[in-house]
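In what follows, a structure is listed as structure tokens, so that the remarks can point back to it.
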Amino acid sequence: MTRSCPTCSRPIPAGTRSRFCPHCSLLGAIELNDDDDFMPHQAGQMIGGYRIGEMLGRGGMGIVYRAHQRSLGRDVAVKVLVAGEFADAGTRRRFQAEAAAAARLRHPHIVAIHEIGEHEGKPFFSMELVEGRTFAELVRDGPIPPATAARLLRPVVEAVQFAHEQGVLHRDLKPSNLLIDAFGEPRVSDFGLARQINADERFTLTGEVLGSPSYLAPEQARGEREQEGPASDVYSLGAILYHLLTGRPPFLGDSPQAILRQVIDDEPFAPRQLNPTVPADLETICLKCLEKDSARRYASARELADELGRFQRREPLHARPAGIIGRGWRWCQRHPAKASAVVALLVTLLTLLIVPTLAYVRVSRAEQARETQLRETLLSQARALRLSGRSGQQRDSWAALAEASRIVEGDRNPEFTLRLRREAIATLALNDAWIEAATNVPPEPDPTYLSFDARQQTYAQSSFRGPVRVVRAGDGQQLSLLTLTTQSVQHVLNFSPGGRFLALRHKGEIAIW
């Protein structure tokens, strides 16, 4: 059966939940939102037994006014359903559910409901008037001190626990719904999205998201109504604590959809990254409330309140901070496809790194074994030459040095070759090696020692005050400057027969370049 719009009599498309056609619904929405100062009730107008005053606030479903209750002579707050006749059945039921839920909750930190009624087809209810500001106004200029945040939030958590014990979930906890009265005490308000725990009635459809995106639990962001429970309100309390500590909600985005995706998929920055003054224990409490898996949060608001009490008394917490490995594992559980791709990439990278490394190790070991064998061969030969010299046999040290050079001639590692040659030289440079004294030695006090090579083309010059200079005899150009490692007192220089090496004797020690 086709339904007709009660305003314009146009047919209502099948599947439309509103009792008005799309055209009239749009006109009603425009009328209510095109002017921020629009008030469906003027100051002085009567709603039931209440005289309306100034508007105090406006939410998604209702407008809150300051009002005067004539019968009792007191000032109260009156909340009226904003959409009026354009409100669909679900909106009207949610509004009535807010009043009914809050009316049952008598707690010093919950705004009390006085009366529920209807005026000219628009539901309304009156409630306690709280003079003060909201948590949102409190952090408008930045974060508040951590101790103050814990002190203000703990009574709120206890009030939420009381609501849970009465079977009521708030489902829309956020800074703008938390008031601070004239005595500095926090109060919980706006139960517009509240529902009974384990209730059978469904005011929302599965998959429908209600609430403020930045403070919704992941299960609420996914529209999984059957997964909602006390842990969902615990998440919202953690998001409020995060806002108090950092001056911003856990997630920010250009649109509600972008924020909801972050709530579902991303981890928030740790509060201490945004505000280093946040104590580590309070950060641990906050992040435990913001766990994606509801089973890892505090099981109840009572547990959260107890933990905040331990923090205030500086006692050890029951919660433990999640490490990098734990956070990574939870991310993998939430994103199995992405995790598989990451693991495959890591395996590929490790393979590319490990295989060449193993090959390099095998080659290095082979090179090391070859170098060890070469060193042993060379030093064995040097020791044999040394023993033959000590036994009185004719020995030519320069020939032995040339043989050592020939052995390492084909080695491909220049650094190793040089080191090996030096080892051989050190072995051959013994006390029985004799270097002919230089001639033409100037007298003291600054003696100069001079030696020419066999072809008289190059000479080496040294004094005990300076380094050894190798000079070309033809034009006097310096070819090399050899720095000594010890203070010189007496030098004796000599070139090898081939002119490739220069020997220096100093106090019985021999150095060879």
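Note on naming: chains are A, B, ... as they come in the structure tokens, residues start from 1 per chain, ligands start from 1 in the order shown.
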Selection: 12 Å around Phe452 in chain A, only C-alpha atoms, excl. self and same-chain fewer than 2 positions, as a PyMOL selection string: chain A and resi 436-440+449-450+454-461+469-473+493-499+501-503
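When only C-alpha atoms are used to measure the gap to Phe191 in chain A, the shortest distance among A:Val111, A:Ala102, A:Ala217, A:Leu244 belongs to A:Ala102.
Taking range 163-282 of chain A and asking which residues DSSP calls strand (DSSP E) on the backbone, you get Val168, Leu169, Leu178, Leu179, Ile180, Pro186, Arg187, Val188, Arg195 and Gln196 of chain A.
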Residues flagged helix (DSSP H, G or I) by DSSP in range 114-276 of chain A, as a ChimeraX atom specification: /A:135-138,146-165,175-177,213-215,218-221,225-227,230-246,256-265,271-274
Can I get the selection written as a compact mmCIF listing (two decimals), in the first residue's frame, with C-alpha atoms?
# COMPACT_ATOMS: atom_id res chain seq x y z
CA PHE A 135 34.21 20.08 29.23
CA ALA A 136 34.47 21.22 25.59
CA GLU A 137 34.67 24.85 26.73
CA LEU A 138 37.20 23.85 29.39
CA PRO A 146 46.67 15.87 34.09
CA ALA A 147 45.77 15.82 37.80
CA THR A 148 42.77 18.07 37.10
CA ALA A 149 41.69 15.84 34.20
CA ALA A 150 41.73 12.76 36.45
CA ARG A 151 39.88 14.60 39.22
CA LEU A 152 37.09 15.80 36.89
CA LEU A 153 36.68 12.56 34.99
CA ARG A 154 36.50 10.14 37.91
CA PRO A 155 33.02 11.32 39.13
CA VAL A 156 31.80 11.14 35.52
CA VAL A 157 33.01 7.55 35.29
CA GLU A 158 31.26 6.69 38.54
CA ALA A 159 28.02 8.26 37.23
CA VAL A 160 28.29 6.21 34.02
CA GLN A 161 28.84 3.07 36.11
CA PHE A 162 25.66 3.90 38.04
CA ALA A 163 23.76 4.25 34.74
CA HIS A 164 25.09 0.87 33.62
CA GLU A 165 23.94 -0.70 36.87
CA PRO A 175 33.00 16.79 26.18
CA SER A 176 29.99 18.89 25.16
CA ASN A 177 27.66 16.54 27.09
CA PRO A 213 32.49 10.24 15.38
CA SER A 214 35.55 11.34 17.38
CA TYR A 215 34.27 9.70 20.58
CA PRO A 218 34.97 1.08 16.94
CA GLU A 219 31.97 -1.23 17.23
CA GLN A 220 29.67 1.80 17.16
CA ALA A 221 31.58 3.26 14.20
CA ARG A 225 24.64 -2.47 17.53
CA GLU A 226 24.68 -5.99 18.90
CA GLN A 227 28.32 -5.50 19.99
CA PRO A 230 29.43 -0.95 28.82
CA ALA A 231 32.87 -1.20 27.15
CA SER A 232 31.59 1.15 24.43
CA ASP A 233 30.95 3.88 27.01
CA VAL A 234 34.39 3.09 28.52
CA TYR A 235 35.95 3.82 25.12
CA SER A 236 34.14 7.17 24.95
CA LEU A 237 35.35 8.04 28.46
CA GLY A 238 38.90 7.25 27.31
CA ALA A 239 38.44 9.53 24.29
CA ILE A 240 37.26 12.33 26.60
CA LEU A 241 40.31 11.78 28.85
CA TYR A 242 42.50 11.92 25.73
CA HIS A 243 40.92 15.28 24.78
CA LEU A 244 41.46 16.68 28.27
CA LEU A 245 45.13 15.61 28.24
CA THR A 246 46.05 16.69 24.70
CA PRO A 256 32.80 12.24 9.68
CA GLN A 257 33.50 9.34 7.31
CA ALA A 258 37.25 9.98 7.46
CA ILE A 259 37.14 10.06 11.27
CA LEU A 260 35.11 6.85 11.43
CA ARG A 261 37.68 5.07 9.22
CA GLN A 262 40.43 6.15 11.62
CA VAL A 263 38.41 4.99 14.63
CA ILE A 264 38.05 1.57 13.03
CA ASP A 265 41.53 1.12 11.52
CA PRO A 271 49.11 11.33 24.59
CA ARG A 272 52.72 11.91 25.69
CA GLN A 273 53.69 12.49 22.06
CA LEU A 274 51.31 15.46 21.98
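Of the residues under consideration (A:Ser212, A:Gly184, A:Ala344, A:Leu350), A:Ser212 shows the shortest atom-to-atom contact distance to Ser255 in chain A when counting only C-alpha atoms.
Separating CA of Leu81 in chain A from CA of Ala97 in chain A is a distance of 12.3 Å.
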Selection: 8 Å around Lys288 in chain A, only C-alpha atoms, excl. self and same-chain fewer than 3 positions, as a PyMOL selection string: chain A and resi 238+284-285+291+296-298+319+321
Selection from above, all heavy atoms, as an mmCIF file, in the first residue's frame, can you write it?
data_model
loop_
_atom_site.group_PDB
_atom_site.id
_atom_site.type_symbol
_atom_site.label_atom_id
_atom_site.label_comp_id
_atom_site.auth_asym_id
_atom_site.auth_seq_id
_atom_site.Cartn_x
_atom_site.Cartn_y
_atom_site.Cartn_z
ATOM 1 N N GLY A 238 37.480 7.159 27.630
ATOM 2 C CA GLY A 238 38.904 7.253 27.312
ATOM 3 C C GLY A 238 39.181 8.337 26.282
ATOM 4 O O GLY A 238 40.195 9.042 26.358
ATOM 5 N N THR A 284 48.749 5.263 30.135
ATOM 6 C CA THR A 284 48.397 3.837 30.098
ATOM 7 C C THR A 284 46.893 3.645 30.291
ATOM 8 O O THR A 284 46.256 2.853 29.580
ATOM 9 C CB THR A 284 49.173 3.076 31.187
ATOM 10 O OG1 THR A 284 50.578 3.193 30.929
ATOM 11 C CG2 THR A 284 48.785 1.606 31.207
ATOM 12 N N ILE A 285 46.308 4.359 31.257
ATOM 13 C CA ILE A 285 44.865 4.265 31.490
ATOM 14 C C ILE A 285 44.102 4.695 30.238
ATOM 15 O O ILE A 285 43.153 4.022 29.790
ATOM 16 C CB ILE A 285 44.469 5.143 32.692
ATOM 17 C CG1 ILE A 285 45.074 4.583 33.983
ATOM 18 C CG2 ILE A 285 42.946 5.230 32.813
ATOM 19 C CD1 ILE A 285 44.875 5.476 35.195
ATOM 20 N N GLU A 291 41.407 0.835 23.384
ATOM 21 C CA GLU A 291 41.703 -0.405 22.654
ATOM 22 C C GLU A 291 40.603 -0.673 21.620
ATOM 23 O O GLU A 291 39.409 -0.489 21.897
ATOM 24 C CB GLU A 291 41.796 -1.583 23.614
ATOM 25 C CG GLU A 291 43.043 -1.600 24.482
ATOM 26 C CD GLU A 291 44.257 -2.104 23.733
ATOM 27 O OE1 GLU A 291 44.139 -2.390 22.521
ATOM 28 O OE2 GLU A 291 45.329 -2.213 24.358
ATOM 29 N N ARG A 296 39.791 -5.974 25.466
ATOM 30 C CA ARG A 296 41.059 -5.503 26.042
ATOM 31 C C ARG A 296 40.897 -4.199 26.822
ATOM 32 O O ARG A 296 41.854 -3.721 27.414
ATOM 33 C CB ARG A 296 42.104 -5.327 24.937
ATOM 34 C CG ARG A 296 42.542 -6.626 24.272
ATOM 35 C CD ARG A 296 43.814 -6.405 23.460
ATOM 36 N NE ARG A 296 44.297 -7.649 22.892
ATOM 37 C CZ ARG A 296 44.064 -8.048 21.651
ATOM 38 N NH1 ARG A 296 43.354 -7.272 20.850
ATOM 39 N NH2 ARG A 296 44.541 -9.179 21.205
ATOM 40 N N ARG A 297 39.697 -3.610 26.768
ATOM 41 C CA ARG A 297 39.468 -2.398 27.558
ATOM 42 C C ARG A 297 39.154 -2.791 29.002
ATOM 43 O O ARG A 297 39.067 -3.974 29.340
ATOM 44 C CB ARG A 297 38.293 -1.600 26.976
ATOM 45 C CG ARG A 297 38.490 -1.166 25.545
ATOM 46 C CD ARG A 297 37.230 -0.517 24.985
ATOM 47 N NE ARG A 297 37.202 -0.641 23.523
ATOM 48 C CZ ARG A 297 36.125 -0.748 22.796
ATOM 49 N NH1 ARG A 297 34.931 -0.722 23.377
ATOM 50 N NH2 ARG A 297 36.196 -0.873 21.481
ATOM 51 N N TYR A 298 38.958 -1.768 29.834
ATOM 52 C CA TYR A 298 38.450 -2.063 31.174
ATOM 53 C C TYR A 298 37.070 -2.676 31.029
ATOM 54 O O TYR A 298 36.235 -2.208 30.248
ATOM 55 C CB TYR A 298 38.381 -0.785 32.009
ATOM 56 C CG TYR A 298 39.743 -0.210 32.339
ATOM 57 C CD1 TYR A 298 40.210 0.922 31.676
ATOM 58 C CD2 TYR A 298 40.549 -0.801 33.290
ATOM 59 C CE1 TYR A 298 41.457 1.449 31.969
ATOM 60 C CE2 TYR A 298 41.797 -0.285 33.594
ATOM 61 C CZ TYR A 298 42.253 0.843 32.922
ATOM 62 O OH TYR A 298 43.480 1.352 33.211
ATOM 63 N N ALA A 319 46.715 -2.047 35.056
ATOM 64 C CA ALA A 319 46.973 -2.116 33.606
ATOM 65 C C ALA A 319 48.462 -1.991 33.333
ATOM 66 O O ALA A 319 49.216 -1.394 34.106
ATOM 67 C CB ALA A 319 46.212 -1.005 32.880
ATOM 68 N N PRO A 321 51.250 -0.992 30.109
ATOM 69 C CA PRO A 321 51.293 -0.386 28.758
ATOM 70 C C PRO A 321 51.551 -1.438 27.697
ATOM 71 O O PRO A 321 52.322 -2.386 27.904
ATOM 72 C CB PRO A 321 52.449 0.616 28.850
ATOM 73 C CG PRO A 321 53.288 0.141 29.998
ATOM 74 C CD PRO A 321 52.346 -0.508 30.965
#
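Using only C-alpha atoms, the shortest contact distance between Gly121 in chain A and any of A:Ile47, A:Ala67, A:Leu346, A:Ala101 is found at A:Ile47.
Ranking A:Thr348, A:Leu287, A:Lys79, A:Ala295 by their shortest atom-to-atom distance to Arg320 in chain A, with only C-alpha atoms included, puts A:Leu287 first.
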Would you kindly return, as a PDB file with N, CA, C and O atoms, in the first residue's frame, each protein, DNA or RNA residue with an atom no farther than 10 Å from any atom of Gly117 in chain A, considering only C-alpha atoms and excluding same-chain residues fewer than 2 positions away?
ATOM      1  N   ILE A  47       5.389  26.615  27.410  1.00  0.00           N
ATOM      2  CA  ILE A  47       5.388  25.197  27.029  1.00  0.00           C
ATOM      3  C   ILE A  47       4.990  24.433  28.278  1.00  0.00           C
ATOM      4  O   ILE A  47       5.776  24.345  29.235  1.00  0.00           O
ATOM      5  N   GLY A  48       3.786  23.910  28.263  1.00  0.00           N
ATOM      6  CA  GLY A  48       3.274  23.286  29.473  1.00  0.00           C
ATOM      7  C   GLY A  48       3.204  24.322  30.572  1.00  0.00           C
ATOM      8  O   GLY A  48       2.615  25.391  30.414  1.00  0.00           O
ATOM      9  N   VAL A  80      13.248  20.645  23.963  1.00  0.00           N
ATOM     10  CA  VAL A  80      12.131  20.424  23.047  1.00  0.00           C
ATOM     11  C   VAL A  80      12.661  19.759  21.796  1.00  0.00           C
ATOM     12  O   VAL A  80      13.733  20.126  21.282  1.00  0.00           O
ATOM     13  N   GLN A  96      12.061  10.375  23.403  1.00  0.00           N
ATOM     14  CA  GLN A  96      11.324   9.902  24.569  1.00  0.00           C
ATOM     15  C   GLN A  96      12.163   8.943  25.407  1.00  0.00           C
ATOM     16  O   GLN A  96      12.076   8.932  26.639  1.00  0.00           O
ATOM     17  N   ALA A  99      14.480  10.911  27.744  1.00  0.00           N
ATOM     18  CA  ALA A  99      13.792  11.391  28.934  1.00  0.00           C
ATOM     19  C   ALA A  99      13.522  10.255  29.907  1.00  0.00           C
ATOM     20  O   ALA A  99      13.742  10.381  31.121  1.00  0.00           O
ATOM     21  N   GLU A 115      10.244  16.443  34.575  1.00  0.00           N
ATOM     22  CA  GLU A 115       8.920  16.164  34.007  1.00  0.00           C
ATOM     23  C   GLU A 115       9.064  15.857  32.515  1.00  0.00           C
ATOM     24  O   GLU A 115       9.920  16.418  31.826  1.00  0.00           O
ATOM     25  N   HIS A 119       3.881  19.280  23.913  1.00  0.00           N
ATOM     26  CA  HIS A 119       3.222  20.562  23.698  1.00  0.00           C
ATOM     27  C   HIS A 119       3.045  20.781  22.201  1.00  0.00           C
ATOM     28  O   HIS A 119       4.035  20.809  21.452  1.00  0.00           O
ATOM     29  N   GLY A 121       2.100  18.820  19.895  1.00  0.00           N
ATOM     30  CA  GLY A 121       2.650  17.725  19.097  1.00  0.00           C
ATOM     31  C   GLY A 121       4.153  17.568  19.208  1.00  0.00           C
ATOM     32  O   GLY A 121       4.731  16.671  18.570  1.00  0.00           O
ATOM     33  N   LYS A 122       4.799  18.405  20.006  1.00  0.00           N
ATOM     34  CA  LYS A 122       6.255  18.317  20.153  1.00  0.00           C
ATOM     35  C   LYS A 122       6.588  17.826  21.555  1.00  0.00           C
ATOM     36  O   LYS A 122       6.248  18.470  22.545  1.00  0.00           O
ATOM     37  N   PRO A 123       7.282  16.695  21.645  1.00  0.00           N
ATOM     38  CA  PRO A 123       7.673  16.198  22.967  1.00  0.00           C
ATOM     39  C   PRO A 123       8.673  17.161  23.626  1.00  0.00           C
ATOM     40  O   PRO A 123       9.477  17.816  22.957  1.00  0.00           O
ATOM     41  N   PHE A 124       8.643  17.241  24.942  1.00  0.00           N
ATOM     42  CA  PHE A 124       9.628  18.031  25.690  1.00  0.00           C
ATOM     43  C   PHE A 124       9.807  17.378  27.048  1.00  0.00           C
ATOM     44  O   PHE A 124       8.999  16.562  27.501  1.00  0.00           O
ATOM     45  N   PHE A 125      10.882  17.752  27.709  1.00  0.00           N
ATOM     46  CA  PHE A 125      11.027  17.383  29.112  1.00  0.00           C
ATOM     47  C   PHE A 125      11.809  18.486  29.811  1.00  0.00           C
ATOM     48  O   PHE A 125      12.608  19.207  29.208  1.00  0.00           O
ATOM     49  N   SER A 126      11.545  18.633  31.085  1.00  0.00           N
ATOM     50  CA  SER A 126      12.249  19.626  31.903  1.00  0.00           C
ATOM     51  C   SER A 126      13.272  18.904  32.767  1.00  0.00           C
ATOM     52  O   SER A 126      13.071  17.749  33.161  1.00  0.00           O
TER      53      SER A 126
END
Nearby residues (only C-alpha atoms) at most 12 Å from Val76 in chain A, same-chain spacing under 2 positions excluded, as a ChimeraX atom specification: /A:49-54,56,64-74,78-79,111-115,125-131
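Computed from the coordinates, the CA of Pro279 in chain A to CA of Phe311 in chain A distance equals 9.5 Å.
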